>>> print(open('final-v4.pdb').read())   # PDB, C-alpha atoms
ATOM      1  CA  MET W   1      42.577 -20.207 -43.876
ATOM      2  CA  SER W   2      42.213 -20.113 -40.097
ATOM      3  CA  GLN W   3      38.916 -20.394 -38.301
ATOM      4  CA  THR W   4      38.085 -18.774 -34.974
ATOM      5  CA  THR W   5      37.089 -21.295 -32.412
ATOM      6  CA  PRO W   6      33.910 -20.281 -30.533
ATOM      7  CA  LEU W   7      34.403 -19.678 -26.841
ATOM      8  CA  PRO W   8      32.892 -22.243 -24.570
ATOM      9  CA  MET W   9      29.510 -21.384 -23.137
ATOM     10  CA  ASP W  10      30.781 -21.139 -19.564
ATOM     11  CA  VAL W  11      33.459 -18.657 -20.623
ATOM     12  CA  ARG W  12      30.926 -16.498 -22.448
ATOM     13  CA  LEU W  13      28.685 -16.529 -19.373
ATOM     14  CA  MET W  14      31.587 -15.448 -17.201
ATOM     15  CA  HIS W  15      32.336 -12.539 -19.562
ATOM     16  CA  ALA W  16      28.668 -11.471 -19.527
ATOM     17  CA  VAL W  17      28.480 -11.631 -15.750
ATOM     18  CA  ALA W  18      31.698  -9.658 -15.454
ATOM     19  CA  SER W  19      30.357  -6.995 -17.797
ATOM     20  CA  LEU W  20      27.144  -6.744 -15.817
ATOM     21  CA  LEU W  21      29.046  -6.500 -12.541
ATOM     22  CA  PHE W  22      31.269  -3.778 -13.989
ATOM     23  CA  ALA W  23      28.233  -1.818 -15.229
ATOM     24  CA  ALA W  24      26.484  -2.205 -11.870
ATOM     25  CA  ALA W  25      29.586  -1.034 -10.041
ATOM     26  CA  ALA W  26      29.890   1.946 -12.362
ATOM     27  CA  LEU W  27      26.233   2.879 -11.825
ATOM     28  CA  ALA W  28      26.578   2.497  -8.058
ATOM     29  CA  GLY W  29      29.649   4.697  -8.084
ATOM     30  CA  LEU W  30      27.894   7.296 -10.224
ATOM     31  CA  SER W  31      24.831   7.228  -7.944
ATOM     32  CA  ALA W  32      27.033   7.660  -4.886
ATOM     33  CA  LEU W  33      28.827  10.544  -6.569
ATOM     34  CA  LEU W  34      25.540  12.235  -7.482
ATOM     35  CA  ALA W  35      24.147  11.691  -3.984
ATOM     36  CA  TRP W  36      27.269  13.205  -2.488
ATOM     37  CA  GLY W  37      27.135  16.140  -4.864
ATOM     38  CA  ALA W  38      23.444  16.721  -4.242
ATOM     39  CA  ARG W  39      24.161  17.216  -0.552
ATOM     40  CA  LEU W  40      26.962  19.697  -0.981
ATOM     41  CA  PRO W  41      26.506  22.940   1.034
ATOM     42  CA  ALA W  42      26.643  24.876  -2.229
ATOM     43  CA  PHE W  43      23.190  23.540  -3.083
ATOM     44  CA  ALA W  44      21.597  24.215   0.315
ATOM     45  CA  ILE W  45      18.530  26.474   0.051
ATOM     46  CA  ARG W  46      19.772  29.944   0.914
ATOM     47  CA  GLU W  47      17.263  32.260  -0.731
ATOM     48  CA  VAL W  48      13.473  32.337  -0.912
ATOM     49  CA  ARG W  49      11.854  34.690  -3.393
ATOM     50  CA  VAL W  50       8.224  35.409  -2.445
ATOM     51  CA  THR W  51       5.595  36.848  -4.785
ATOM     52  CA  GLY W  52       1.809  37.122  -4.753
ATOM     53  CA  ASP W  53      -0.268  38.106  -1.733
ATOM     54  CA  VAL W  54       2.042  39.165   1.070
ATOM     55  CA  SER W  55       0.051  41.871   2.849
ATOM     56  CA  HIS W  56       0.427  40.125   6.220
ATOM     57  CA  TYR W  57       4.071  39.125   5.760
ATOM     58  CA  ASN W  58       7.232  40.391   4.177
ATOM     59  CA  ALA W  59       9.923  38.286   2.536
ATOM     60  CA  ILE W  60      12.337  38.684   5.457
ATOM     61  CA  THR W  61       9.789  37.386   7.970
ATOM     62  CA  LEU W  62       8.847  34.472   5.748
ATOM     63  CA  ARG W  63      12.462  33.475   5.178
ATOM     64  CA  ALA W  64      13.174  33.611   8.905
ATOM     65  CA  ASN W  65      10.158  31.443   9.706
ATOM     66  CA  VAL W  66      10.371  28.968   6.834
ATOM     67  CA  ILE W  67      13.990  28.302   5.801
ATOM     68  CA  PRO W  68      14.923  26.596   9.116
ATOM     69  CA  ARG W  69      11.999  24.202   8.555
ATOM     70  CA  LEU W  70      12.973  23.186   5.029
ATOM     71  CA  GLN W  71      14.740  19.849   4.704
ATOM     72  CA  GLY W  72      17.218  19.108   1.927
ATOM     73  CA  THR W  73      19.113  20.906  -0.818
ATOM     74  CA  PHE W  74      18.105  22.067  -4.288
ATOM     75  CA  PHE W  75      18.261  18.440  -5.485
ATOM     76  CA  THR W  76      16.827  16.639  -2.445
ATOM     77  CA  LEU W  77      14.160  19.077  -1.261
ATOM     78  CA  ASP W  78      10.635  17.633  -1.184
ATOM     79  CA  VAL W  79       8.654  20.384  -2.952
ATOM     80  CA  ALA W  80       5.304  19.060  -1.695
ATOM     81  CA  ALA W  81       6.560  19.101   1.888
ATOM     82  CA  ALA W  82       7.924  22.620   1.393
ATOM     83  CA  ARG W  83       4.535  23.758   0.110
ATOM     84  CA  GLN W  84       2.887  22.348   3.223
ATOM     85  CA  VAL W  85       5.341  24.274   5.402
ATOM     86  CA  PHE W  86       4.309  27.541   3.775
ATOM     87  CA  GLU W  87       0.630  26.675   4.031
ATOM     88  CA  THR W  88       0.898  26.168   7.795
ATOM     89  CA  ILE W  89       1.667  29.863   8.191
ATOM     90  CA  PRO W  90      -1.396  31.860   9.322
ATOM     91  CA  TRP W  91      -3.120  33.816   6.534
ATOM     92  CA  VAL W  92      -1.529  31.663   3.802
ATOM     93  CA  ARG W  93      -4.216  29.777   1.888
ATOM     94  CA  GLN W  94      -2.114  28.323  -0.923
ATOM     95  CA  ALA W  95       1.555  28.207  -1.886
ATOM     96  CA  ILE W  96       3.168  27.257  -5.188
ATOM     97  CA  VAL W  97       6.840  26.321  -4.713
ATOM     98  CA  ARG W  98       9.397  26.033  -7.514
ATOM     99  CA  ARG W  99      13.134  25.370  -7.329
ATOM    100  CA  GLU W 100      15.634  27.629  -9.098
ATOM    101  CA  PHE W 101      19.204  26.438  -9.581
ATOM    102  CA  PRO W 102      21.448  26.342  -7.655
ATOM    103  CA  ASN W 103      20.000  27.201  -4.227
ATOM    104  CA  ARG W 104      16.854  29.300  -4.494
ATOM    105  CA  LEU W 105      13.118  28.779  -4.096
ATOM    106  CA  ASN W 106      10.481  30.793  -5.883
ATOM    107  CA  VAL W 107       7.250  30.847  -3.884
ATOM    108  CA  GLN W 108       3.947  32.329  -4.988
ATOM    109  CA  LEU W 109       1.498  32.872  -2.138
ATOM    110  CA  GLN W 110      -2.240  33.335  -2.021
ATOM    111  CA  GLU W 111      -3.513  34.731   1.276
ATOM    112  CA  HIS W 112      -6.911  34.274   2.870
ATOM    113  CA  GLN W 113      -9.226  37.236   2.320
ATOM    114  CA  ALA W 114     -11.396  37.376   5.416
ATOM    115  CA  LEU W 115     -15.015  38.256   4.644
ATOM    116  CA  ALA W 116     -16.704  37.230   7.895
ATOM    117  CA  PHE W 117     -16.197  35.723  11.330
ATOM    118  CA  TRP W 118     -17.332  32.145  11.778
ATOM    119  CA  GLY W 119     -18.960  30.469  14.752
ATOM    120  CA  PRO W 120     -20.492  31.682  18.016
ATOM    121  CA  GLU W 121     -19.764  35.101  19.451
ATOM    122  CA  GLY W 122     -16.173  35.275  20.628
ATOM    123  CA  SER W 123     -14.850  32.734  18.126
ATOM    124  CA  SER W 124     -11.826  34.004  16.185
ATOM    125  CA  SER W 125     -12.326  31.694  13.202
ATOM    126  CA  MET W 126     -12.987  33.430   9.894
ATOM    127  CA  VAL W 127     -14.450  32.691   6.468
ATOM    128  CA  ASN W 128     -12.461  33.555   3.351
ATOM    129  CA  SER W 129     -13.667  34.546  -0.103
ATOM    130  CA  PHE W 130     -13.916  30.851  -1.064
ATOM    131  CA  GLY W 131     -16.242  30.122   1.838
ATOM    132  CA  GLU W 132     -13.499  28.226   3.698
ATOM    133  CA  VAL W 133     -13.060  28.475   7.458
ATOM    134  CA  PHE W 134      -9.563  29.364   8.688
ATOM    135  CA  ASP W 135      -7.817  30.636  11.806
ATOM    136  CA  ALA W 136      -5.423  33.571  12.033
ATOM    137  CA  ASN W 137      -4.611  36.551  14.230
ATOM    138  CA  VAL W 138      -7.760  38.679  14.370
ATOM    139  CA  GLY W 139      -5.627  41.637  15.415
ATOM    140  CA  GLU W 140      -4.157  41.720  11.902
ATOM    141  CA  LEU W 141      -7.509  42.246  10.207
ATOM    142  CA  GLU W 142      -7.683  45.312   8.003
ATOM    143  CA  GLN W 143     -11.309  45.818   9.067
ATOM    144  CA  ASP W 144     -12.960  44.682  12.272
ATOM    145  CA  ASN W 145     -16.629  45.180  11.357
ATOM    146  CA  LEU W 146     -17.029  41.878   9.547
ATOM    147  CA  PRO W 147     -20.369  40.061   9.852
ATOM    148  CA  ARG W 148     -20.554  36.900  11.940
ATOM    149  CA  LEU W 149     -21.759  33.729  10.233
ATOM    150  CA  SER W 150     -22.549  30.412  11.842
ATOM    151  CA  GLY W 151     -23.962  27.003  11.032
ATOM    152  CA  PRO W 152     -22.751  23.458  10.375
ATOM    153  CA  HIS W 153     -19.012  23.559   9.669
ATOM    154  CA  ASP W 154     -19.369  22.061   6.192
ATOM    155  CA  GLN W 155     -21.945  24.710   5.229
ATOM    156  CA  SER W 156     -19.707  27.777   5.563
ATOM    157  CA  ALA W 157     -19.649  28.454   1.809
ATOM    158  CA  ARG W 158     -23.441  28.239   1.645
ATOM    159  CA  VAL W 159     -23.904  30.625   4.574
ATOM    160  CA  LEU W 160     -21.463  33.128   3.062
ATOM    161  CA  ALA W 161     -23.267  32.985  -0.287
ATOM    162  CA  MET W 162     -26.610  33.605   1.426
ATOM    163  CA  GLN W 163     -25.237  36.601   3.328
ATOM    164  CA  GLN W 164     -23.850  38.070   0.120
ATOM    165  CA  THR W 165     -27.230  37.556  -1.568
ATOM    166  CA  LEU W 166     -29.334  39.129   1.190
ATOM    167  CA  GLN W 167     -27.115  42.038   2.232
ATOM    168  CA  PRO W 168     -27.735  44.190  -0.889
ATOM    169  CA  LEU W 169     -31.493  43.924  -0.250
ATOM    170  CA  PHE W 170     -31.283  45.224   3.310
ATOM    171  CA  ALA W 171     -28.790  47.877   2.239
ATOM    172  CA  ARG W 172     -31.641  49.636   0.424
ATOM    173  CA  LEU W 173     -32.897  50.753   3.836
ATOM    174  CA  ASP W 174     -29.367  51.380   5.149
ATOM    175  CA  MET W 175     -29.499  48.168   7.140
ATOM    176  CA  THR W 176     -26.575  45.797   7.529
ATOM    177  CA  ILE W 177     -26.692  42.078   8.325
ATOM    178  CA  ASN W 178     -24.394  41.810  11.331
ATOM    179  CA  ALA W 179     -24.989  38.082  11.804
ATOM    180  CA  LEU W 180     -26.508  35.226   9.819
ATOM    181  CA  GLU W 181     -27.092  31.730  11.166
ATOM    182  CA  LEU W 182     -28.115  28.480   9.522
ATOM    183  CA  THR W 183     -29.759  26.520  12.318
ATOM    184  CA  PRO W 184     -29.424  22.740  12.734
ATOM    185  CA  ARG W 185     -33.005  22.393  11.465
ATOM    186  CA  GLY W 186     -32.263  24.292   8.270
ATOM    187  CA  GLY W 187     -33.775  27.634   9.225
ATOM    188  CA  TRP W 188     -32.134  30.995   8.634
ATOM    189  CA  ARG W 189     -31.880  33.689  11.292
ATOM    190  CA  ALA W 190     -30.321  37.135  10.862
ATOM    191  CA  GLN W 191     -29.458  40.024  13.154
ATOM    192  CA  LEU W 192     -29.293  43.535  11.737
ATOM    193  CA  ASP W 193     -27.016  46.345  12.849
ATOM    194  CA  THR W 194     -30.105  47.957  14.420
ATOM    195  CA  GLY W 195     -30.395  44.983  16.781
ATOM    196  CA  THR W 196     -33.431  43.619  14.931
ATOM    197  CA  GLU W 197     -33.763  39.831  14.978
ATOM    198  CA  VAL W 198     -35.080  38.480  11.650
ATOM    199  CA  GLU W 199     -36.496  34.979  11.256
ATOM    200  CA  LEU W 200     -36.114  34.220   7.553
ATOM    201  CA  GLY W 201     -37.426  30.658   7.544
ATOM    202  CA  SER W 202     -35.999  27.692   5.684
ATOM    203  CA  GLY W 203     -35.312  27.265   1.992
ATOM    204  CA  GLU W 204     -32.880  28.282  -0.692
ATOM    205  CA  ALA W 205     -31.865  31.760  -1.820
ATOM    206  CA  PRO W 206     -34.841  32.501  -4.147
ATOM    207  CA  GLU W 207     -37.322  31.789  -1.348
ATOM    208  CA  LEU W 208     -35.503  33.932   1.196
ATOM    209  CA  VAL W 209     -35.067  36.746  -1.311
ATOM    210  CA  ALA W 210     -38.813  36.748  -2.036
ATOM    211  CA  ARG W 211     -39.636  36.998   1.681
ATOM    212  CA  ALA W 212     -37.096  39.743   2.242
ATOM    213  CA  GLU W 213     -38.348  41.693  -0.786
ATOM    214  CA  ARG W 214     -41.943  41.524   0.494
ATOM    215  CA  PHE W 215     -40.865  42.764   3.927
ATOM    216  CA  LEU W 216     -38.611  45.567   2.712
ATOM    217  CA  ALA W 217     -41.204  46.858   0.254
ATOM    218  CA  THR W 218     -43.707  47.646   3.038
ATOM    219  CA  VAL W 219     -41.836  47.954   6.324
ATOM    220  CA  THR W 220     -41.420  51.733   6.164
ATOM    221  CA  GLN W 221     -45.166  52.288   5.706
ATOM    222  CA  VAL W 222     -46.100  49.739   8.386
ATOM    223  CA  THR W 223     -43.787  51.155  11.045
ATOM    224  CA  ALA W 224     -44.947  54.702  10.227
ATOM    225  CA  ARG W 225     -48.474  53.773  11.319
ATOM    226  CA  TYR W 226     -47.119  53.430  14.840
ATOM    227  CA  GLN W 227     -44.915  56.544  14.646
ATOM    228  CA  ARG W 228     -41.845  54.377  14.444
ATOM    229  CA  ARG W 229     -38.980  53.843  12.008
ATOM    230  CA  PRO W 230     -37.703  50.523  10.605
ATOM    231  CA  GLU W 231     -34.606  50.690  12.807
ATOM    232  CA  GLN W 232     -36.889  50.544  15.856
ATOM    233  CA  LEU W 233     -37.986  47.017  15.010
ATOM    234  CA  ALA W 234     -37.200  44.570  17.789
ATOM    235  CA  SER W 235     -37.912  41.450  15.752
ATOM    236  CA  VAL W 236     -39.455  40.312  12.469
ATOM    237  CA  ASP W 237     -40.793  36.912  11.471
ATOM    238  CA  LEU W 238     -40.923  36.354   7.704
ATOM    239  CA  ARG W 239     -42.013  32.726   7.874
ATOM    240  CA  HIS W 240     -45.712  33.491   7.318
ATOM    241  CA  THR W 241     -47.188  32.640   3.935
ATOM    242  CA  ASP W 242     -49.128  35.838   3.228
ATOM    243  CA  GLY W 243     -47.242  38.408   5.266
ATOM    244  CA  TYR W 244     -44.941  38.857   8.215
ATOM    245  CA  ALA W 245     -45.118  39.501  11.924
ATOM    246  CA  MET W 246     -43.085  42.136  13.705
ATOM    247  CA  ARG W 247     -42.499  43.582  17.125
ATOM    248  CA  LEU W 248     -41.773  47.289  17.543
ATOM    249  CA  GLU W 249     -39.958  48.806  20.481
ATOM    250  CA  GLY W 250     -42.418  50.572  22.796
ATOM    251  CA  VAL W 251     -45.504  49.318  20.932
ATOM    252  CA  THR W 252     -47.932  46.733  22.309
ATOM    253  CA  THR W 253     -51.216  45.360  21.054
ATOM    254  CA  LEU W 254     -52.505  44.799  24.603
ATOM    255  CA  ASP W 255     -55.218  47.087  25.911
ATOM    256  CA  SER W 256     -53.608  49.485  28.396
ATOM    257  CA  THR W 257     -56.493  49.145  30.909
ATOM    258  CA  ALA W 258     -56.321  45.378  30.760
ATOM    259  CA  SER W 259     -52.561  45.525  31.219
ATOM    260  CA  LYS W 260     -52.911  47.527  34.422
ATOM    261  CA  GLN W 261     -55.436  45.054  35.843
ATOM    262  CA  GLN W 262     -53.075  42.100  35.311
TER     263      GLN W 262
END
>>> encode(input="final-v4.pdb", output="structure tokens")
Amino acid sequence: MSQTTPLPMDVRLMHAVASLLFAAAALAGLSALLAWGARLPAFAIREVRVTGDVSHYNAITLRANVIPRLQGTFFTLDVAAARQVFETIPWVRQAIVRREFPNRLNVQLQEHQALAFWGPEGSSSMVNSFGEVFDANVGELEQDNLPRLSGPHDQSARVLAMQQTLQPLFARLDMTINALELTPRGGWRAQLDTGTEVELGSGEAPELVARAERFLATVTQVTARYQRRPEQLASVDLRHTDGYAMRLEGVTTLDSTASKQQ
């Protein structure tokens, strides 16, 4: 009966190393083959299918603006980078990008919905429905009578929320808040479509609502005493504890005789 003689250790090591080298070479070859295949023109992104909010763009315009900026094929495309490319387009707030074999992208867009202008008069920045500030072509707005909001840049959502809280109150008297400002000291100042300047004071929404309610409940009767209407108010100061102060166009509390002597 014959017995198999074990191979020497050095021979076994050589066989193991050879096997490893062969496997590594095979993997390297396969990787090179896959890398070559992934870059074939057949897999280059040729079609972009756009869904979602596209009121400011059509698919043809988006493809023309975006495809030249995309880097890579179906296999090598950086989806996160592609998403950022779409989100640099004006009016686009968010993009969700998915690949579809062999050479197509499916893109779902969410556009900014402009609810107000942001910043000083003349600024073209806008505030969207999330309270975020963004920049886009004002000429493409569907409506140009948006209110103007202003305040610290990181408070845009708060200012928008306050405007949306107060506007229904003033609407009871057919008044519209054309502008609302949060001052650096934390005070609120509004301008109505009648030109009336309203000092609302500082505080959170419940406090401002209470002041506005008190003013709106009596302003018609108060202005009628002077043969005036609420829209003839020049300014109103609601910061007083037990009432409010107002200035009416064409009405003065100075004695007319005393005024002539001055």
>>> atom_distance(input="final-v4.pdb", atom1="CA of Asp78 (chain W)", atom2="CA of His112 (chain W)")
24.5 Å
>>> closest_residue(input="final-v4.pdb", among="W:Gln167, W:Thr183, W:Gln221, W:Asn65", to="Gly119 (chain W)", atoms="all atoms listed in the file")
W:Thr183
>>> closest_atom_pairs(input="final-v4.pdb", of="region 214-248 of chain W", to="region 184-208 of chain W", cutoff="9 Å", atoms="all atoms listed in the file", output="CSV")
residue,atom,partner,partner_atom,distance
W:Pro230,CA,W:Thr194,CA,8.9
W:Glu231,CA,W:Thr194,CA,5.5
W:Gln232,CA,W:Thr194,CA,7.4
W:Leu233,CA,W:Thr196,CA,5.7
W:Ala234,CA,W:Thr196,CA,4.8
W:Ser235,CA,W:Glu197,CA,4.5
W:Val236,CA,W:Val198,CA,4.8
W:Asp237,CA,W:Glu199,CA,4.7
W:Leu238,CA,W:Leu200,CA,5.3
W:Arg239,CA,W:Gly201,CA,5.0
W:His240,CA,W:Gly201,CA,8.8
>>> residues_near_point(input="final-v4.pdb", point="(-24.3, 40.4, 4.7)", cutoff="12 Å", atoms="only C-alpha atoms", output="NGL selection string")
:W and (115-117 or 145-149 or 159-171 or 175-181 or 190-193)
>>> atom_distance(input="final-v4.pdb", atom1="CA of Asn128 (chain W)", atom2="CA of Glu87 (chain W)")
14.8 Å
>>> atom_distance(input="final-v4.pdb", atom1="CA of Thr220 (chain W)", atom2="CA of Leu173 (chain W)")
8.9 Å
>>> closest_residue(input="final-v4.pdb", among="W:Pro102, W:Val251, W:Ala80, W:Gly122", to="Thr223 (chain W)", atoms="all atoms listed in the file")
W:Val251
>>> axis_aligned_box(input="final-v4.pdb", around="region 229-233 of chain W", padding_each_side="6 Å", output="JSON")
{"center_x": -36.8, "center_y": 50.4, "center_z": 13.2, "size_x": 16.4, "size_y": 18.8, "size_z": 17.3}
>>> residues_around(input="final-v4.pdb", residues="Asp53 (chain W)", least_positions_apart="3", cutoff="7 Å", atoms="all atoms listed in the file", output="list in words")
Leu109, Gln110 and Glu111 of chain W
>>> residues_around(input="final-v4.pdb", residues="Leu105 (chain W)", least_positions_apart="2", cutoff="7 Å", atoms="only C-alpha atoms", output="VMD selection string")
chain W and resid 47 to 49 97 to 100 107
>>> resolve_selection(input="final-v4.pdb", expression="the PyMOL selection byres ((chain W and resi 73) around 6)", output="PDB file with C-alpha atoms, keeping the file's coordinate frame")
ATOM      1  CA  PHE W  43      23.190  23.540  -3.083  1.00  0.00           C
ATOM      2  CA  ALA W  44      21.597  24.215   0.315  1.00  0.00           C
ATOM      3  CA  ILE W  45      18.530  26.474   0.051  1.00  0.00           C
ATOM      4  CA  GLY W  72      17.218  19.108   1.927  1.00  0.00           C
ATOM      5  CA  PHE W  74      18.105  22.067  -4.288  1.00  0.00           C
ATOM      6  CA  PHE W  75      18.261  18.440  -5.485  1.00  0.00           C
ATOM      7  CA  THR W  76      16.827  16.639  -2.445  1.00  0.00           C
ATOM      8  CA  LEU W  77      14.160  19.077  -1.261  1.00  0.00           C
TER       9      LEU W  77
END
>>> closest_residue(input="final-v4.pdb", among="W:Val85, W:Leu182, W:Arg93, W:Asn103", to="Pro120 (chain W)", atoms="only C-alpha atoms")
W:Leu182
>>> residues_around(input="final-v4.pdb", residues="Gln108 (chain W)", least_positions_apart="4", cutoff="8 Å", atoms="all atoms listed in the file", output="list in words")
Val50, Thr51, Gly52, Asp53, Ala95, Ile96 and Val97 of chain W
